[in-house]
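As stored in coords_34.txt (compact mmCIF, C-alpha atoms):
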```txt
# COMPACT_ATOMS: atom_id res chain seq x y z
CA MET A 1020 -2.56 31.56 90.50
CA HIS A 1021 1.17 31.23 91.02
CA VAL A 1022 3.75 34.00 90.87
CA LYS A 1023 6.08 33.44 87.94
CA LYS A 1024 8.21 36.58 88.08
CA VAL A 1025 8.17 39.85 90.03
CA LEU A 1026 8.85 42.73 87.64
CA ASN A 1027 8.71 45.46 90.28
CA ASN A 1028 6.81 46.32 93.46
CA ASN A 1029 3.63 47.05 91.52
CA VAL A 1030 3.78 44.58 88.62
CA LEU A 1031 4.30 40.84 88.45
CA ILE A 1032 3.75 37.97 86.06
CA ALA A 1033 1.61 35.07 87.27
CA THR A 1034 0.40 31.78 85.83
CA HIS A 1035 -3.39 31.69 85.49
CA PRO A 1036 -5.12 28.26 85.20
CA GLU A 1037 -7.28 29.47 82.28
CA TYR A 1038 -5.31 32.27 80.57
CA GLY A 1039 -1.73 31.12 81.06
CA GLU A 1040 0.71 33.98 81.68
CA VAL A 1041 -0.99 37.15 82.94
CA ILE A 1042 0.26 40.53 84.09
CA LEU A 1043 -0.98 41.62 87.53
CA THR A 1044 -0.73 45.26 88.56
CA GLY A 1045 -1.53 46.90 91.87
CA LYS A 1046 0.16 48.99 94.52
CA GLY A 1047 2.70 46.83 96.38
CA ILE A 1048 1.50 43.60 94.74
CA GLY A 1049 5.04 42.47 93.97
CA PHE A 1050 6.62 43.51 97.26
CA ALA A 1051 8.41 40.60 98.98
CA LYS A 1052 6.80 38.10 96.60
CA LYS A 1053 8.79 35.14 95.30
CA ALA A 1054 8.39 32.90 92.28
CA GLY A 1055 6.10 29.94 92.97
CA GLU A 1056 4.03 31.61 95.69
CA ASN A 1057 0.25 31.53 95.44
CA ILE A 1058 -1.59 34.76 94.74
CA THR A 1059 -5.29 35.48 94.33
CA VAL A 1060 -6.69 37.74 91.62
CA ASP A 1061 -8.39 39.96 94.18
CA ARG A 1062 -4.93 41.17 95.23
CA ALA A 1063 -4.58 42.90 91.87
CA GLU A 1064 -6.10 46.22 90.90
CA LYS A 1065 -5.97 45.02 87.30
CA PHE A 1066 -4.79 41.98 85.39
CA PHE A 1067 -4.47 41.49 81.69
CA VAL A 1068 -3.31 38.88 79.23
CA LEU A 1069 -0.60 39.50 76.67
CA LYS A 1070 -1.23 36.53 74.42
CA SER A 1071 1.63 37.24 72.05
CA GLU A 1072 5.05 36.24 73.33
CA ASP A 1073 6.50 39.29 71.55
CA GLU A 1074 4.13 41.59 73.44
CA GLN A 1075 5.00 39.89 76.74
CA ASN A 1076 8.70 40.49 76.08
CA GLN A 1077 8.07 44.08 74.96
CA TYR A 1078 6.08 44.81 78.12
CA LYS A 1079 8.83 43.34 80.30
CA GLN A 1080 11.36 45.54 78.48
CA LEU A 1081 9.23 48.63 79.15
CA LEU A 1082 9.66 48.05 82.86
CA ASP A 1083 13.44 48.23 82.50
CA TYR A 1084 13.30 51.95 81.69
CA ILE A 1085 9.84 53.17 82.71
CA ASP A 1086 9.31 53.89 86.39
CA GLU A 1087 6.54 52.24 88.40
CA THR A 1088 4.58 55.47 88.89
CA PHE A 1089 4.22 56.01 85.16
CA ILE A 1090 3.16 52.38 84.63
CA GLY A 1091 0.47 52.96 87.24
CA LEU A 1092 -0.74 56.10 85.43
CA MET A 1093 -0.95 54.18 82.17
CA ASN A 1094 -3.02 51.43 83.76
CA GLU A 1095 -5.43 54.09 85.02
CA CYS A 1096 -5.62 55.50 81.48
CA MET A 1097 -6.62 52.08 80.11
CA GLU A 1098 -9.31 51.76 82.77
CA MET A 1099 -10.69 55.20 81.85
CA VAL A 1100 -10.97 54.23 78.19
CA GLU A 1101 -12.55 50.85 78.98
CA ALA A 1102 -15.09 52.51 81.28
CA ARG A 1103 -15.92 55.11 78.64
CA PHE A 1104 -16.52 52.58 75.85
CA GLN A 1105 -17.77 49.74 78.06
CA VAL A 1106 -15.46 47.28 76.32
CA LYS A 1107 -12.32 45.30 77.00
CA LEU A 1108 -9.46 46.85 75.03
CA ASN A 1109 -7.12 44.76 72.95
CA GLU A 1110 -4.19 44.24 75.29
CA HIS A 1111 -1.53 45.44 72.85
CA ILE A 1112 -2.41 49.00 73.91
CA HIS A 1113 -0.57 48.35 77.19
CA VAL A 1114 2.67 48.14 75.24
CA GLY A 1115 2.00 50.61 72.42
CA LEU A 1116 0.42 53.52 74.30
CA THR A 1117 2.66 53.21 77.38
CA ASP A 1118 5.80 53.27 75.24
CA HIS A 1119 4.52 56.13 73.08
CA LEU A 1120 3.41 58.37 75.95
CA TYR A 1121 6.55 57.76 78.01
CA PHE A 1122 8.79 59.08 75.23
CA ALA A 1123 6.31 61.84 74.33
CA VAL A 1124 6.48 63.10 77.93
CA LYS A 1125 10.29 62.94 77.84
CA ARG A 1126 10.38 65.01 74.63
CA ILE A 1127 8.00 67.60 76.08
CA GLN A 1128 10.09 67.86 79.26
CA GLN A 1129 13.16 68.45 77.09
CA GLY A 1130 11.38 71.30 75.33
CA LEU A 1131 11.00 69.47 72.02
CA ASP A 1132 7.92 70.29 69.97
CA ILE A 1133 5.44 67.58 68.95
CA LYS A 1134 3.75 68.16 65.59
CA ASN A 1135 0.88 66.16 64.17
CA PRO A 1136 0.08 67.01 60.53
CA PHE A 1137 -3.03 64.81 60.52
CA LEU A 1138 -4.71 66.11 63.69
CA LYS A 1139 -7.88 67.45 62.05
CA GLU A 1140 -8.23 64.40 59.80
CA THR A 1141 -7.84 62.11 62.80
CA GLU A 1142 -10.55 63.97 64.72
CA LEU A 1143 -12.89 63.69 61.73
CA ALA A 1144 -12.25 60.00 61.22
CA TYR A 1145 -12.48 58.86 64.86
CA PRO A 1146 -14.54 61.43 66.85
CA ARG A 1147 -15.36 59.10 69.79
CA GLU A 1148 -11.75 58.03 70.21
CA TYR A 1149 -10.63 61.65 69.84
CA ALA A 1150 -12.91 62.72 72.69
CA ALA A 1151 -11.46 59.95 74.89
CA ALA A 1152 -7.91 61.02 73.97
CA MET A 1153 -8.72 64.62 74.95
CA GLU A 1154 -9.91 63.37 78.34
CA ILE A 1155 -6.66 61.44 78.82
CA VAL A 1156 -4.51 64.44 77.87
CA GLU A 1157 -6.37 66.74 80.30
CA TRP A 1158 -6.01 64.12 83.04
CA LEU A 1159 -2.28 63.67 82.36
CA LYS A 1160 -1.73 67.43 82.42
CA VAL A 1161 -2.95 67.47 86.01
CA LYS A 1162 -1.20 64.26 87.09
CA LEU A 1163 2.17 65.17 85.54
CA ASP A 1164 1.88 68.97 85.93
CA LEU A 1165 2.89 69.21 82.29
CA ALA A 1166 1.59 71.16 79.28
CA ILE A 1167 0.89 68.54 76.62
CA PRO A 1168 0.62 69.78 72.99
CA GLU A 1169 -2.69 69.37 71.18
CA GLY A 1170 -1.03 67.22 68.53
CA GLU A 1171 -0.56 64.45 71.06
CA ILE A 1172 -4.34 63.98 71.18
CA GLY A 1173 -4.23 62.68 67.62
CA PHE A 1174 -1.55 60.08 68.35
CA ILE A 1175 -3.42 58.81 71.42
CA THR A 1176 -6.61 58.66 69.34
CA LEU A 1177 -4.99 56.24 66.90
CA HIS A 1178 -3.77 53.98 69.71
CA ILE A 1179 -7.29 53.87 71.19
CA HIS A 1180 -8.88 53.15 67.80
CA SER A 1181 -6.32 50.41 67.18
CA ALA A 1182 -7.15 48.76 70.52
CA LEU A 1183 -10.92 49.09 70.05
CA THR A 1184 -10.93 47.63 66.53
CA ASN A 1185 -8.06 45.17 66.95
CA ARG A 1186 -6.39 46.72 63.93
CA ASP A 1187 -2.66 47.18 63.63
CA LEU A 1188 -1.55 50.75 64.27
CA SER A 1189 0.70 50.73 61.22
CA GLU A 1190 -2.32 49.91 59.02
CA ILE A 1191 -4.29 52.84 60.45
CA ASN A 1192 -1.31 55.14 59.87
CA ARG A 1193 -1.00 53.94 56.27
CA HIS A 1194 -4.65 54.77 55.62
CA THR A 1195 -4.21 58.25 57.11
CA GLN A 1196 -1.16 58.80 54.91
CA LEU A 1197 -3.06 57.52 51.85
CA ILE A 1198 -5.81 60.10 52.41
CA ASN A 1199 -3.24 62.85 52.82
CA ASP A 1200 -1.54 61.78 49.57
CA MET A 1201 -4.87 61.85 47.71
CA VAL A 1202 -5.69 65.32 49.06
CA ILE A 1203 -2.34 66.55 47.69
CA VAL A 1204 -3.21 65.02 44.30
CA ILE A 1205 -6.56 66.84 44.38
CA GLU A 1206 -4.92 70.18 45.16
CA ASP A 1207 -2.36 69.72 42.37
CA SER A 1208 -4.94 68.60 39.82
CA LEU A 1209 -7.53 71.29 40.56
CA LYS A 1210 -4.90 73.98 41.19
CA ILE A 1211 -6.46 74.89 44.52
CA LYS A 1212 -5.39 75.12 48.17
CA ILE A 1213 -8.04 73.35 50.22
CA ASP A 1214 -9.25 75.03 53.38
CA ARG A 1215 -8.96 72.29 56.03
CA THR A 1216 -11.87 73.79 57.95
CA ASP A 1217 -14.22 73.87 54.96
CA ILE A 1218 -17.30 71.66 55.37
CA ASN A 1219 -16.75 70.11 51.93
CA TYR A 1220 -13.24 69.06 52.89
CA LEU A 1221 -14.55 67.51 56.11
CA ARG A 1222 -17.12 65.56 54.10
CA LEU A 1223 -14.45 64.37 51.67
CA VAL A 1224 -12.17 63.09 54.46
CA ARG A 1225 -15.06 61.26 56.11
CA HIS A 1226 -15.95 59.74 52.76
CA PHE A 1227 -12.37 58.58 52.14
CA HIS A 1228 -12.20 56.88 55.54
CA ALA A 1229 -15.57 55.18 55.02
CA SER A 1230 -14.59 54.13 51.50
CA ILE A 1231 -11.28 52.60 52.64
CA GLU A 1232 -13.11 50.76 55.41
CA ARG A 1233 -15.63 49.34 52.91
CA VAL A 1234 -12.89 48.27 50.52
CA GLN A 1235 -10.88 46.59 53.29
CA THR A 1236 -13.91 44.69 54.61
CA ASP A 1237 -15.50 43.99 51.20
CA GLN A 1238 -18.72 45.66 52.30
CA PHE A 1239 -19.55 47.50 49.10
CA ARG A 1240 -23.11 46.89 47.93
CA PRO A 1241 -24.08 46.54 44.27
CA ASP A 1242 -24.93 49.98 42.94
CA GLN A 1243 -26.81 51.12 39.86
CA GLN A 1244 -24.96 54.33 39.09
CA GLU A 1245 -24.43 54.07 35.31
CA ILE A 1246 -26.81 56.88 34.31
CA LEU A 1247 -25.55 59.28 36.98
CA ALA A 1248 -21.95 58.44 36.08
CA LYS A 1249 -22.64 59.33 32.43
CA VAL A 1250 -24.14 62.68 33.43
CA LEU A 1251 -21.23 63.52 35.73
CA ARG A 1252 -18.68 62.46 33.13
CA GLU A 1253 -20.22 64.90 30.64
CA GLU A 1254 -20.95 67.74 33.09
CA TYR A 1255 -17.77 67.63 35.20
CA PRO A 1256 -15.09 65.88 33.12
CA VAL A 1257 -12.13 67.26 35.13
CA CYS A 1258 -13.52 66.08 38.47
CA TYR A 1259 -14.73 62.79 37.02
CA ASN A 1260 -11.30 61.97 35.57
CA LEU A 1261 -9.64 63.03 38.83
CA ALA A 1262 -12.01 60.70 40.72
CA TRP A 1263 -10.75 57.79 38.64
CA LYS A 1264 -7.17 58.84 39.25
CA LEU A 1265 -7.82 58.72 43.01
CA ILE A 1266 -9.52 55.33 42.69
CA LYS A 1267 -6.42 53.93 40.97
CA ILE A 1268 -4.24 55.31 43.78
CA MET A 1269 -6.49 53.61 46.36
CA GLN A 1270 -6.41 50.32 44.46
CA GLN A 1271 -2.63 50.41 44.23
CA LYS A 1272 -2.10 51.26 47.91
CA LEU A 1273 -4.79 48.96 49.34
CA GLN A 1274 -4.13 46.14 46.87
CA LYS A 1275 -7.90 45.70 46.45
CA SER A 1276 -10.42 46.60 43.77
CA VAL A 1277 -12.61 49.67 44.31
CA PRO A 1278 -16.13 49.54 42.80
CA ASP A 1279 -16.89 51.82 39.84
CA ALA A 1280 -19.67 53.50 41.83
CA GLU A 1281 -17.01 55.21 43.94
CA ALA A 1282 -16.28 57.49 40.96
CA VAL A 1283 -19.77 58.99 41.28
CA TYR A 1284 -19.43 59.89 44.96
CA LEU A 1285 -15.90 61.23 44.56
CA THR A 1286 -16.87 63.36 41.56
CA LEU A 1287 -19.59 65.06 43.60
CA HIS A 1288 -17.19 65.74 46.49
CA LEU A 1289 -14.52 67.07 44.12
CA GLN A 1290 -16.98 69.32 42.30
CA ARG A 1291 -17.96 70.94 45.61
CA LEU A 1292 -14.30 71.49 46.50
CA SER A 1293 -13.45 72.90 43.07
CA LYS A 1294 -15.95 75.72 43.62
CA GLN A 1295 -13.55 77.18 46.19
```
Rewrite the structure of this file - the entire thing - as structure tokens.
Amino acid sequence: MHVKKVLNNNVLIATHPEYGEVILTGKGIGFAKKAGENITVDRAEKFFVLKSEDEQNQYKQLLDYIDETFIGLMNECMEMVEARFQVKLNEHIHVGLTDHLYFAVKRIQQGLDIKNPFLKETELAYPREYAAAMEIVEWLKVKLDLAIPEGEIGFITLHIHSALTNRDLSEINRHTQLINDMVIVIEDSLKIKIDRTDINYLRLVRHFHASIERVQTDQFRPDQQEILAKVLREEYPVCYNLAWKLIKIMQQKLQKSVPDAEAVYLTLHLQRLSKQ
């Protein structure tokens, strides 16, 4: 490989014969290096490819305001996650999570509170990623000697899930917001305040996430639910009608059709909740 640009003592951009532009990181890897010099991959502690030109530019901009030590910590974080899941993360996490955590740490150091209204829902939806995020937060507490609020675990979880599934973070956030909106509709319609620790609420949130995933990936299977739907419509008309209201909200937000069978499952979940 050839050095293209030294970003700082620990990070440089090189030209790889197979991958094109790559980012090499490692202690002192950029020290005294000049553009055009040869460099072998074994000199790097880690190298990764930012295929998008936008991501390359964003990563370069990060280095203008984030110090080398923090960049090194972030690279260790990525390695921890990759080792835990035994996969290669989508490289956009190097930009997204580094940028997010840098400013989160700054806010904490300034005494600003970090709130996450969807923490419990995030844990329910992505338990494996949540466990990895908890590990990262505990590790950062020690490395930075800093008390990091629990809410930050949820934000890190979403970044990890985004990198593991190669899904855009904004899409994941939209789905989380959609579920929150539907829960508010349920509370208003049934005139109840849902206990967020109740097992029936946990089941409903898991169902919503699974349902959105099936709709997005067109993985719904044909279902023969006509007889059960008729029974539920007659036995629980309020919950059945509310189920259809929620289905219409999902269809509008996701811009995709939701199978009729979803009304059956939602009615059962809503009936359990209404007993509160």
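Coordinates place CA of Lys1024 (chain A) at a distance of 8.9 Å from CA of Gly1049 (chain A).
Closest approach to Glu1040 (chain A) among A:Leu1116, A:Val1156, A:Leu1221, A:Val1068: A:Val1068, based on only C-alpha atoms.
Using all atoms listed in the file for every distance, the candidate list A:Cys1258, A:Ile1268, A:Ile1032, A:Val1234 yields A:Cys1258 as the residue closest to Ala1282 (chain A).
When all atoms listed in the file are used to compute distances to Ser1189 (chain A), the closest of the residues A:Gly1115, A:Leu1287, A:Ala1123, A:Met1201 turns out to be A:Gly1115.
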Problem - Selected residue, from A:Leu1026, A:Ile1175, A:Val1060, A:His1035, that lies nearest to Ile1085 (chain A) when counting only C-alpha atoms - result: A:Leu1026
Box in all listed atoms of region 1169-1182 of chain A, axis-aligned, with 6 Å more on each side; write out centre and edge lengths in Å to one decimal as AutoDock Vina command-line options.
```
--center_x -4.7 --center_y 59.1 --center_z 69.2 --size_x 20.3 --size_y 32.6 --size_z 16.5
```
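We find CA of Gln1075 (chain A) and CA of Ile1155 (chain A) to be spaced 24.6 Å apart.
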Exercise for the section: Mind checking which residues fall within 12 Å of Arg1215 (chain A), counting only C-alpha atoms, ignoring those fewer than 3 positions away in the same chain, and posting them as a ChimeraX atom specification? Expected result: /A:1136-1140,1143,1199,1202,1206,1212,1218-1224,1292,1295
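You can rank A:Lys1134, A:Met1099, A:His1111, A:Ala1051 by their closest distance to Gln1077 (chain A) using only C-alpha atoms, and at the top of that list sits A:His1111.
For Glu1232 (chain A), the non-local neighbours within 12 Å, defined as residues at least 5 positions apart in the same chain or in other chains and counting all atoms listed in the file, are Ala1144, Thr1184, Arg1186, Glu1190, Ile1191, His1194, Thr1195, Arg1225, His1226, Phe1227, Asp1237, Gln1238, Phe1239, Met1269, Leu1273, Lys1275 and Val1277 of chain A.
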Practice task
Counting only C-alpha atoms, figure out which residue out of A:Met1097, A:Lys1107, A:Glu1281, A:Ile1042 gets nearest to Lys1267 (chain A).
Solution key: A:Glu1281
